[in-house]
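Pasted below: my_file-v1.txt, compact mmCIF, C-alpha atoms.
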```
# COMPACT_ATOMS: atom_id res chain seq x y z
CA MET A 19 15.41 171.99 51.12
CA SER A 20 17.59 175.05 50.73
CA PRO A 21 20.69 174.88 48.52
CA ARG A 22 23.98 174.20 50.21
CA PRO A 23 27.09 176.22 49.34
CA ALA A 24 29.27 174.59 46.73
CA ALA A 25 32.61 175.20 48.38
CA PRO A 26 32.55 175.53 52.17
CA THR A 27 35.46 177.37 53.71
CA ALA A 28 35.93 174.77 56.43
CA GLN A 29 34.97 171.13 56.32
CA PRO A 30 33.42 169.54 59.41
CA ASP A 31 35.42 167.13 61.53
CA VAL A 32 33.80 163.96 60.28
CA LEU A 33 34.94 161.72 63.11
CA ARG A 34 33.66 164.07 65.79
CA ARG A 35 30.23 164.15 64.18
CA LEU A 36 29.97 160.38 64.50
CA SER A 37 28.60 158.99 67.73
CA ARG A 38 31.11 157.25 69.96
CA LEU A 39 29.67 153.88 68.97
CA ASP A 40 29.99 154.58 65.25
CA ARG A 41 33.34 156.37 65.53
CA PHE A 42 35.03 153.33 67.03
CA LEU A 43 33.10 150.67 65.10
CA PRO A 44 36.27 148.95 63.78
CA VAL A 45 37.54 148.78 67.39
CA TRP A 46 34.28 147.25 68.63
CA ILE A 47 34.35 144.70 65.80
CA LEU A 48 37.92 143.72 66.65
CA LEU A 49 37.00 143.37 70.33
CA ALA A 50 33.95 141.27 69.42
CA MET A 51 36.17 139.04 67.29
CA ALA A 52 38.66 138.67 70.14
CA ALA A 53 35.89 137.90 72.63
CA GLY A 54 34.48 135.24 70.30
CA LEU A 55 37.90 133.66 69.85
CA VAL A 56 38.43 133.52 73.61
CA LEU A 57 34.99 132.01 74.23
CA GLY A 58 35.47 129.43 71.51
CA ARG A 59 38.74 128.26 73.03
CA THR A 60 37.72 128.31 76.71
CA VAL A 61 34.05 127.23 76.86
CA ASP A 62 33.54 123.52 76.29
CA GLY A 63 30.40 122.47 74.45
CA LEU A 64 29.66 126.01 73.20
CA ALA A 65 28.98 124.95 69.61
CA GLU A 66 26.53 122.23 70.69
CA ALA A 67 24.70 124.67 72.96
CA LEU A 68 24.38 127.29 70.20
CA ASP A 69 23.01 124.71 67.77
CA ALA A 70 20.58 123.20 70.25
CA VAL A 71 17.70 125.43 69.12
CA LYS A 72 17.40 126.61 65.52
CA ILE A 73 15.25 128.77 63.28
CA GLY A 74 15.50 126.86 60.02
CA SER A 75 19.21 126.16 59.65
CA VAL A 76 20.32 129.10 61.84
CA SER A 77 20.90 128.75 65.57
CA LEU A 78 18.45 130.74 67.68
CA PRO A 79 21.06 133.08 69.28
CA ILE A 80 22.44 134.05 65.87
CA ALA A 81 18.95 134.45 64.39
CA VAL A 82 18.02 136.83 67.22
CA GLY A 83 21.25 138.79 66.72
CA LEU A 84 20.60 139.12 62.98
CA LEU A 85 17.03 140.34 63.47
CA VAL A 86 18.08 142.80 66.16
CA MET A 87 20.74 144.38 63.95
CA MET A 88 18.38 144.75 60.96
CA TYR A 89 15.30 146.18 62.68
CA PRO A 90 16.61 149.59 63.90
CA VAL A 91 18.04 150.38 60.48
CA LEU A 92 14.71 149.80 58.77
CA ALA A 93 12.83 151.73 61.44
CA LYS A 94 14.83 154.83 60.39
CA VAL A 95 13.58 154.87 56.80
CA ARG A 96 11.08 157.59 55.84
CA TYR A 97 8.80 155.42 53.76
CA ASP A 98 6.42 158.29 52.99
CA GLU A 99 9.14 160.16 51.07
CA THR A 100 9.24 157.59 48.28
CA ARG A 101 6.90 159.33 45.83
CA ARG A 102 8.69 162.70 45.85
CA VAL A 103 12.19 161.38 45.29
CA THR A 104 11.19 158.72 42.76
CA GLY A 105 10.08 161.60 40.54
CA ASP A 106 13.76 162.38 39.88
CA ARG A 107 14.26 159.95 37.01
CA ARG A 108 17.96 160.74 36.58
CA LEU A 109 18.74 159.96 40.21
CA MET A 110 16.54 156.86 40.29
CA GLY A 111 17.88 155.47 37.02
CA ALA A 112 21.51 156.07 38.00
CA SER A 113 20.98 154.51 41.42
CA LEU A 114 19.28 151.40 40.04
CA VAL A 115 22.04 150.88 37.47
CA LEU A 116 24.88 151.36 39.96
CA ASN A 117 23.27 149.28 42.70
CA TRP A 118 21.75 146.41 40.78
CA VAL A 119 23.82 146.15 37.59
CA VAL A 120 27.28 147.63 38.14
CA GLY A 121 27.74 146.74 41.84
CA PRO A 122 27.01 142.99 41.67
CA ALA A 123 28.88 142.60 38.37
CA LEU A 124 31.93 144.44 39.72
CA MET A 125 32.03 142.37 42.92
CA PHE A 126 31.68 139.18 40.86
CA ALA A 127 34.68 140.22 38.73
CA LEU A 128 36.79 141.27 41.74
CA ALA A 129 35.95 138.09 43.65
CA TRP A 130 37.13 135.91 40.78
CA LEU A 131 40.17 138.11 40.13
CA PHE A 132 41.43 138.11 43.74
CA LEU A 133 40.10 134.77 45.02
CA PRO A 134 40.12 132.26 42.16
CA ASP A 135 41.40 129.50 44.45
CA LEU A 136 39.16 130.20 47.48
CA PRO A 137 35.60 129.28 46.43
CA GLU A 138 33.95 129.78 49.83
CA LEU A 139 35.36 133.26 50.38
CA ARG A 140 34.70 134.12 46.74
CA THR A 141 31.06 133.12 47.08
CA GLY A 142 30.79 135.14 50.29
CA LEU A 143 32.08 138.23 48.50
CA ILE A 144 29.63 137.77 45.63
CA ILE A 145 26.79 137.58 48.17
CA VAL A 146 28.10 140.80 49.75
CA GLY A 147 27.95 142.45 46.32
CA LEU A 148 24.28 141.52 46.01
CA ALA A 149 23.37 143.00 49.40
CA ARG A 150 22.90 146.69 48.71
CA CYS A 151 23.45 149.16 51.53
CA ILE A 152 20.51 150.05 53.76
CA ALA A 153 22.27 150.81 57.03
CA MET A 154 25.39 152.91 57.56
CA VAL A 155 24.86 154.77 54.27
CA LEU A 156 22.51 157.13 56.10
CA ILE A 157 25.38 158.12 58.39
CA TRP A 158 27.95 158.57 55.62
CA ASN A 159 25.47 160.52 53.52
CA ASP A 160 24.68 162.89 56.37
CA LEU A 161 28.35 163.48 57.19
CA ALA A 162 29.03 164.28 53.54
CA CYS A 163 26.10 166.78 53.42
CA GLY A 164 24.15 164.62 50.99
CA ASP A 165 20.40 164.75 50.39
CA ARG A 166 18.83 163.10 53.45
CA GLU A 167 15.41 162.52 51.90
CA ALA A 168 16.88 161.06 48.73
CA ALA A 169 19.10 158.74 50.79
CA ALA A 170 16.13 157.57 52.85
CA VAL A 171 14.11 156.79 49.75
CA LEU A 172 16.95 154.95 48.01
CA VAL A 173 17.41 152.92 51.19
CA ALA A 174 13.70 152.07 51.20
CA ILE A 175 13.79 151.09 47.53
CA ASN A 176 16.89 148.95 48.04
CA SER A 177 15.20 147.27 51.00
CA VAL A 178 12.13 146.30 49.01
CA PHE A 179 14.12 145.42 45.89
CA GLN A 180 16.31 143.03 47.88
CA VAL A 181 13.28 141.08 49.06
CA VAL A 182 12.15 140.69 45.44
CA ALA A 183 15.43 140.30 43.55
CA PHE A 184 18.16 139.02 45.88
CA ALA A 185 17.52 135.30 45.44
CA GLY A 186 17.27 135.55 41.65
CA LEU A 187 20.49 137.55 41.42
CA GLY A 188 22.18 135.05 43.72
CA TRP A 189 21.17 132.22 41.42
CA PHE A 190 22.43 134.15 38.39
CA TYR A 191 25.83 135.17 39.79
CA LEU A 192 26.56 131.93 41.63
CA GLN A 193 25.34 129.38 39.11
CA VAL A 194 24.26 130.78 35.73
CA LEU A 195 26.96 133.35 34.89
CA PRO A 196 29.91 131.18 36.02
CA GLY A 197 28.54 128.36 33.86
CA TRP A 198 28.33 130.66 30.83
CA LEU A 199 31.93 131.77 31.38
CA GLY A 200 33.26 128.26 31.92
CA LEU A 201 34.01 128.94 35.60
CA GLU A 202 33.31 126.82 38.65
CA THR A 203 29.73 127.13 39.87
CA THR A 204 28.64 127.06 43.49
CA SER A 205 28.19 123.55 44.87
CA ALA A 206 24.92 121.66 44.76
CA GLU A 207 24.35 122.64 48.38
CA PHE A 208 23.38 126.08 47.14
CA SER A 209 19.65 126.56 46.96
CA VAL A 210 17.86 129.59 45.57
CA TRP A 211 14.94 128.75 47.85
CA THR A 212 17.18 128.79 50.91
CA ILE A 213 18.38 132.27 49.97
CA THR A 214 14.79 133.35 49.31
CA ALA A 215 13.72 132.13 52.74
CA SER A 216 16.71 133.83 54.39
CA VAL A 217 15.92 137.16 52.75
CA LEU A 218 12.24 136.93 53.63
CA VAL A 219 13.03 136.14 57.28
CA PHE A 220 16.04 138.34 57.97
CA LEU A 221 15.01 141.28 55.78
CA GLY A 222 11.27 140.86 55.34
CA ILE A 223 10.43 140.58 59.05
CA PRO A 224 12.47 143.62 60.17
CA LEU A 225 11.28 145.57 57.10
CA VAL A 226 7.64 145.08 58.06
CA ALA A 227 8.47 145.76 61.71
CA GLY A 228 10.38 148.93 60.80
CA PHE A 229 7.58 150.20 58.59
CA LEU A 230 4.94 149.57 61.27
CA THR A 231 7.12 151.10 63.98
CA ARG A 232 7.58 154.34 62.04
CA THR A 233 3.96 154.52 60.90
CA LEU A 234 2.46 153.87 64.33
CA GLY A 235 5.13 155.86 66.19
CA GLU A 236 4.63 158.98 64.08
CA ARG A 237 0.88 158.62 64.25
CA ALA A 238 0.98 158.42 68.03
CA LYS A 239 3.72 160.93 68.91
CA GLY A 240 4.67 162.79 65.74
CA ARG A 241 7.82 162.79 63.58
CA ASP A 242 9.82 165.13 65.83
CA TRP A 243 9.45 162.77 68.79
CA TYR A 244 10.01 159.68 66.67
CA GLU A 245 13.25 160.91 65.08
CA GLY A 246 14.49 163.06 67.94
CA THR A 247 13.71 160.79 70.90
CA PHE A 248 12.80 157.27 69.83
CA LEU A 249 15.32 156.59 67.06
CA PRO A 250 18.39 157.71 69.07
CA ARG A 251 17.42 155.15 71.71
CA LEU A 252 16.69 152.41 69.19
CA GLY A 253 19.63 153.02 66.83
CA PRO A 254 22.49 151.55 68.92
CA TRP A 255 20.73 148.18 69.01
CA ALA A 256 21.74 147.60 65.38
CA LEU A 257 25.38 147.70 66.45
CA TYR A 258 24.68 145.57 69.53
CA GLY A 259 23.08 142.93 67.30
CA LEU A 260 26.00 143.01 64.87
CA LEU A 261 28.59 142.68 67.65
CA PHE A 262 26.67 139.87 69.33
CA THR A 263 26.48 137.99 66.03
CA ILE A 264 30.20 138.46 65.45
CA VAL A 265 31.03 137.16 68.94
CA VAL A 266 29.00 134.00 68.33
CA MET A 267 30.38 133.47 64.83
CA PHE A 268 33.99 133.85 65.91
CA ALA A 269 33.41 131.58 68.88
CA LEU A 270 32.37 128.90 66.40
CA GLN A 271 35.02 129.41 63.73
CA GLY A 272 37.91 130.96 65.66
CA ASP A 273 40.36 128.19 64.77
CA ALA A 274 39.75 128.66 61.05
CA ILE A 275 40.27 132.41 61.33
CA VAL A 276 43.47 132.19 63.37
CA SER A 277 44.91 129.61 61.01
CA ARG A 278 44.06 131.63 57.85
CA PRO A 279 45.20 135.24 58.41
CA TRP A 280 46.41 135.59 54.83
CA ASP A 281 42.93 134.69 53.56
CA VAL A 282 41.49 137.55 55.63
CA VAL A 283 43.96 139.92 53.97
CA ARG A 284 43.03 138.59 50.55
CA VAL A 285 39.34 139.23 51.19
CA SER A 286 40.15 142.81 52.21
CA LEU A 287 41.79 143.68 48.89
CA PRO A 288 38.74 143.24 46.60
CA LEU A 289 36.61 145.04 49.18
CA LEU A 290 38.95 148.04 49.09
CA ALA A 291 38.85 148.05 45.30
CA TYR A 292 35.08 147.72 45.27
CA PHE A 293 34.43 150.64 47.62
CA THR A 294 36.71 153.04 45.80
CA ILE A 295 35.60 152.10 42.27
CA THR A 296 31.86 152.26 42.94
CA PHE A 297 32.18 155.50 44.89
CA GLY A 298 34.21 157.08 42.09
CA LEU A 299 31.67 155.94 39.50
CA GLY A 300 28.87 157.46 41.58
CA LEU A 301 30.60 160.85 41.81
CA TRP A 302 31.43 160.83 38.09
CA LEU A 303 27.94 159.80 36.99
CA GLY A 304 26.21 162.28 39.30
CA ARG A 305 28.30 165.13 37.95
CA ARG A 306 27.68 164.06 34.36
CA LEU A 307 23.93 164.01 35.02
CA ARG A 308 24.13 167.41 36.79
CA LEU A 309 22.38 166.07 39.87
CA GLY A 310 24.06 168.66 42.08
CA TYR A 311 26.43 167.90 44.91
CA ALA A 312 23.89 166.75 47.52
CA ARG A 313 22.27 164.08 45.38
CA THR A 314 25.55 163.08 43.76
CA ALA A 315 27.00 162.35 47.21
CA THR A 316 23.89 160.33 48.03
CA LEU A 317 24.21 158.40 44.78
CA ALA A 318 27.91 157.65 45.41
CA PHE A 319 27.48 156.44 48.99
CA THR A 320 24.42 154.28 48.30
CA ALA A 321 26.39 152.64 45.48
CA ALA A 322 29.58 152.12 47.52
CA GLY A 323 28.07 150.70 50.72
CA ASN A 324 26.80 147.18 51.27
CA ASN A 325 24.31 145.52 53.59
CA PHE A 326 26.74 143.24 55.40
CA GLU A 327 24.06 142.32 57.92
CA LEU A 328 21.96 140.71 55.19
CA ALA A 329 25.01 139.10 53.57
CA ILE A 330 25.97 137.55 56.91
CA ALA A 331 22.40 136.36 57.50
CA VAL A 332 22.11 134.75 54.06
CA SER A 333 25.57 133.15 54.29
CA ILE A 334 24.86 131.65 57.70
CA ALA A 335 21.44 130.36 56.73
CA THR A 336 22.65 128.93 53.40
CA PHE A 337 26.18 127.71 54.12
CA GLY A 338 26.48 127.57 57.91
CA VAL A 339 27.89 129.72 60.67
CA THR A 340 31.41 128.30 60.35
CA SER A 341 31.57 128.70 56.57
CA GLY A 342 34.03 130.79 54.62
CA GLN A 343 31.05 132.57 53.06
CA ALA A 344 30.01 133.84 56.51
CA LEU A 345 33.60 134.84 57.31
CA ALA A 346 33.76 137.02 54.17
CA GLY A 347 30.64 138.84 55.35
CA VAL A 348 32.11 139.46 58.81
CA ILE A 349 35.32 140.93 57.38
CA GLY A 350 33.24 143.41 55.39
CA PRO A 351 32.28 146.00 58.03
CA LEU A 352 35.79 145.91 59.46
CA ILE A 353 37.04 147.24 56.11
CA GLU A 354 34.00 149.31 55.14
CA VAL A 355 33.92 151.68 58.10
CA PRO A 356 37.40 153.25 57.85
CA VAL A 357 37.27 153.31 54.04
CA LEU A 358 33.91 155.08 53.86
CA VAL A 359 34.94 157.57 56.57
CA ALA A 360 37.88 158.42 54.29
CA LEU A 361 35.50 158.70 51.33
CA VAL A 362 33.40 161.22 53.27
CA TYR A 363 36.45 163.49 53.30
CA VAL A 364 36.96 162.82 49.57
CA SER A 365 33.33 163.75 48.91
CA LEU A 366 33.59 167.01 50.87
CA TRP A 367 36.77 167.86 48.98
CA ALA A 368 35.07 167.15 45.63
CA ARG A 369 32.18 169.45 46.56
CA ARG A 370 34.08 172.49 45.30
CA TYR A 371 33.79 171.16 41.74
CA PHE A 372 29.98 171.35 41.75
CA ALA A 373 28.43 174.67 40.70
CA PRO A 374 25.89 176.16 43.15
CA THR A 375 23.33 176.30 40.35
CA GLU A 376 23.45 172.52 40.10
CA GLU A 377 22.15 172.06 43.64
CA THR A 378 18.78 170.40 43.78
CA PRO A 379 16.25 172.30 45.94
```

Write the structure described by the file as structure tokens, please.
Amino acid sequence: MSPRPAAPTAQPDVLRRLSRLDRFLPVWILLAMAAGLVLGRTVDGLAEALDAVKIGSVSLPIAVGLLVMMYPVLAKVRYDETRRVTGDRRLMGASLVLNWVVGPALMFALAWLFLPDLPELRTGLIIVGLARCIAMVLIWNDLACGDREAAAVLVAINSVFQVVAFAGLGWFYLQVLPGWLGLETTSAEFSVWTITASVLVFLGIPLVAGFLTRTLGERAKGRDWYEGTFLPRLGPWALYGLLFTIVVMFALQGDAIVSRPWDVVRVSLPLLAYFTITFGLGLWLGRRLRLGYARTATLAFTAAGNNFELAIAVSIATFGVTSGQALAGVIGPLIEVPVLVALVYVSLWARRYFAPTEETP
């Protein structure tokens, strides 16, 4: 990969480089919320119909929506790039620390700081902090001229790591650590095995499907066709799945949302703090380690983003579709998209402070 200039004379128009679907994602989320609220108030017996058929503790329509929104993201990952990028020990070490030590601990602290009196929303935020980004980070990284291959590998590693570690971290941050600190622990309804099953179903199944799709697709048609023709057709289905899930969720818990607008605002505040702090730490650490601009941007965005799809799936499966935990997950992408678009501009501005000789080939 050829070095990129350290200080471009003109920065790209970030919003125009986004697809129409991605550019207006907050609008689509708001419309999906509104549609769900309308359906919940006008369609009698909707909740009973949605719960008529279940996969485990999750209604079948929501389970389908969750799987649909996870699969396209994981089909984009270049799994064969893992060995090359994992050779960069500085990048790998920094990413693992930011994603699996700093990120969850910071969200735990912010959740307790901002929501000490709202245990359901607080728990939902902590679960969000455990779900490391594997989706939109590829878009933000590309817009910020980050290292595409490094981003793909970090996404793959985060995907696999979540299958292995998510349930254990959930147990630690929801039950063990609060007990050590003399804080309220999550209720007895919490089950580490329920979270394990949720991760295996809603991340494990699409992870295997995504891996097989890329492997077989490239073997049959080649990488150019797979990434140039197939993925653009498959990609929008992740958003369709997310919006469908939001419609169903808001149809079921619309009354709680309408009656608690201040709680929605309170959830937004720690999310804003989380995105900006983790992104800033990523930029600072990457520059200190002399990773070069491209990989520093990748490090910062993979640390700042979260896998709200997985957080929503785990919250629904563990606590129910009408729970405050699930609501906290739904609020996430509404805040994340505009904030991370703004951070793309911040990243491009900060690019001038990286010397060309620091660029990683």

List as a VMD selection string the protein and nucleic acid residues near Leu287 of chain A, meaning an atom at most 10 Å away when all atoms listed in the file are counted, but skip any in the same chain fewer than 2 places from it.
chain A and resid 128 to 129 132 to 133 282 to 285 289 to 292 353

Please identify all polymer residues within 9 Å of Val146 of chain A, counting all atoms listed in the file, omitting same-chain residues fewer than 4 positions from it, and present them as number ranges by chain.
A: 122, 125, 141-142, 150, 324-326, 328-330, 346-347, 350

Write out as a PyMOL selection string the residues lying within 8 Å of segment 239-256 of chain A, counting only C-alpha atoms and excluding same-chain residues fewer than 5 positions away.
chain A and resi 39+86-91+93-94+232

I'd like to know which of A:Thr231, A:Ser365, A:Gln343, A:Ser286 is closest to Arg96 of chain A, using all atoms listed in the file.
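Looking only at the distances to Arg96 of chain A, the closest residue turns out to be A:Thr231.
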
Selected residue, from A:Trp211, A:Phe179, A:Phe262, A:Tyr97, that lies nearest to Phe229 of chain A when counting all atoms listed in the file
A:Tyr97

Please compute the atom CA of Val95 of chain A-atom CA of Gly298 of chain A distance, one decimal, in Å.
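Here the two named atoms are 25.4 Å from each other.
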
Using only C-alpha atoms for the distances, tell me which of A:Ala269, A:Gly235, A:Ala315, A:Val332 is nearest to Gln180 of chain A.
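When distances to Gln180 of chain A are compared using only C-alpha atoms, the smallest one comes from A:Val332.
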
Here's a test: counting only C-alpha atoms, identify every protein, DNA and RNA residue with an atom at most 9 Å from (33.1, 128.0, 49.5) in the file's coordinate frame, and state them as a list of chain:residue names.
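Residues with an atom close enough to that point: A:Leu136, A:Pro137, A:Glu138, A:Leu139, A:Arg140, A:Thr141, A:Gly142, A:Thr204, A:Ser205, A:Phe337, A:Ser341, A:Gly342, A:Gln343.
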
Under the rule that only C-alpha atoms are counted, which of A:Ile223, A:Phe293, A:Leu192, A:Val82 is the nearest residue to Pro356 of chain A?
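Of all the options, A:Phe293 lies closest to Pro356 of chain A.
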
Using only C-alpha atoms, the residue out of A:Ile295, A:Thr233, A:Gly58, A:Thr316 with shortest distance to Glu167 of chain A is A:Thr316

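Straight-line separation from atom CA of Leu109 of chain A to atom CA of Tyr311 of chain A: 12.0 Å.
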
Enter the distance from atom CA of Gly200 of chain A to atom CA of Ile144 of chain A, in Å, rounded to one decimal.
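Result for atom CA of Gly200 of chain A versus atom CA of Ile144 of chain A: 17.1 Å, one decimal.
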
Please identify every residue of segment 274-320 of chain A that has at least one atom no farther than 9 Å from an atom of segment 158-165 of chain A, counting all atoms listed in the file, and for each give the shortest atom pair and the distance in Å to one decimal, arranged by chain then increasing number, as JSON lines.
```
{"residue": "A:Tyr311", "atom": "CA", "partner": "A:Gly164", "partner_atom": "CA", "distance": 7.3}
{"residue": "A:Ala312", "atom": "CA", "partner": "A:Gly164", "partner_atom": "CA", "distance": 4.1}
{"residue": "A:Arg313", "atom": "CA", "partner": "A:Asp165", "partner_atom": "CA", "distance": 5.4}
{"residue": "A:Thr314", "atom": "CA", "partner": "A:Gly164", "partner_atom": "CA", "distance": 7.5}
{"residue": "A:Ala315", "atom": "CA", "partner": "A:Gly164", "partner_atom": "CA", "distance": 5.3}
{"residue": "A:Thr316", "atom": "CA", "partner": "A:Gly164", "partner_atom": "CA", "distance": 5.2}
{"residue": "A:Leu317", "atom": "CA", "partner": "A:Gly164", "partner_atom": "CA", "distance": 8.8}
{"residue": "A:Ala318", "atom": "CA", "partner": "A:Asn159", "partner_atom": "CA", "distance": 8.9}
{"residue": "A:Phe319", "atom": "CA", "partner": "A:Asn159", "partner_atom": "CA", "distance": 6.4}
{"residue": "A:Thr320", "atom": "CA", "partner": "A:Asn159", "partner_atom": "CA", "distance": 8.2}
```

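Closest approach to Arg278 of chain A among A:Val56, A:Leu345, A:Arg370, A:Ala123 is made by A:Leu345 (distances from all atoms listed in the file).
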
Would you pick out the contacts of Phe126 of chain A at 8 Å or less, using all atoms listed in the file, so that residues sharing its chain but fewer than 5 positions from it are not included, and give the list as an mmCIF file with C-alpha atoms, keeping the file's coordinate frame?
```
data_model
loop_
_atom_site.group_PDB
_atom_site.id
_atom_site.type_symbol
_atom_site.label_atom_id
_atom_site.label_comp_id
_atom_site.auth_asym_id
_atom_site.auth_seq_id
_atom_site.Cartn_x
_atom_site.Cartn_y
_atom_site.Cartn_z
ATOM 1 C CA LEU A 143 32.080 138.230 48.500
ATOM 2 C CA ILE A 144 29.630 137.770 45.630
ATOM 3 C CA GLY A 147 27.950 142.450 46.320
ATOM 4 C CA TYR A 191 25.830 135.170 39.790
#
```

Using only C-alpha atoms, which protein or nucleic acid residues come within 12 Å of Met110 of chain A? Drop anything in the same chain fewer than 3 positions from it, and give the result as a ChimeraX atom specification.
/A:100-107,113-118,168-169,171-173,175-176,304,307,309,313-314,316-317,320-321
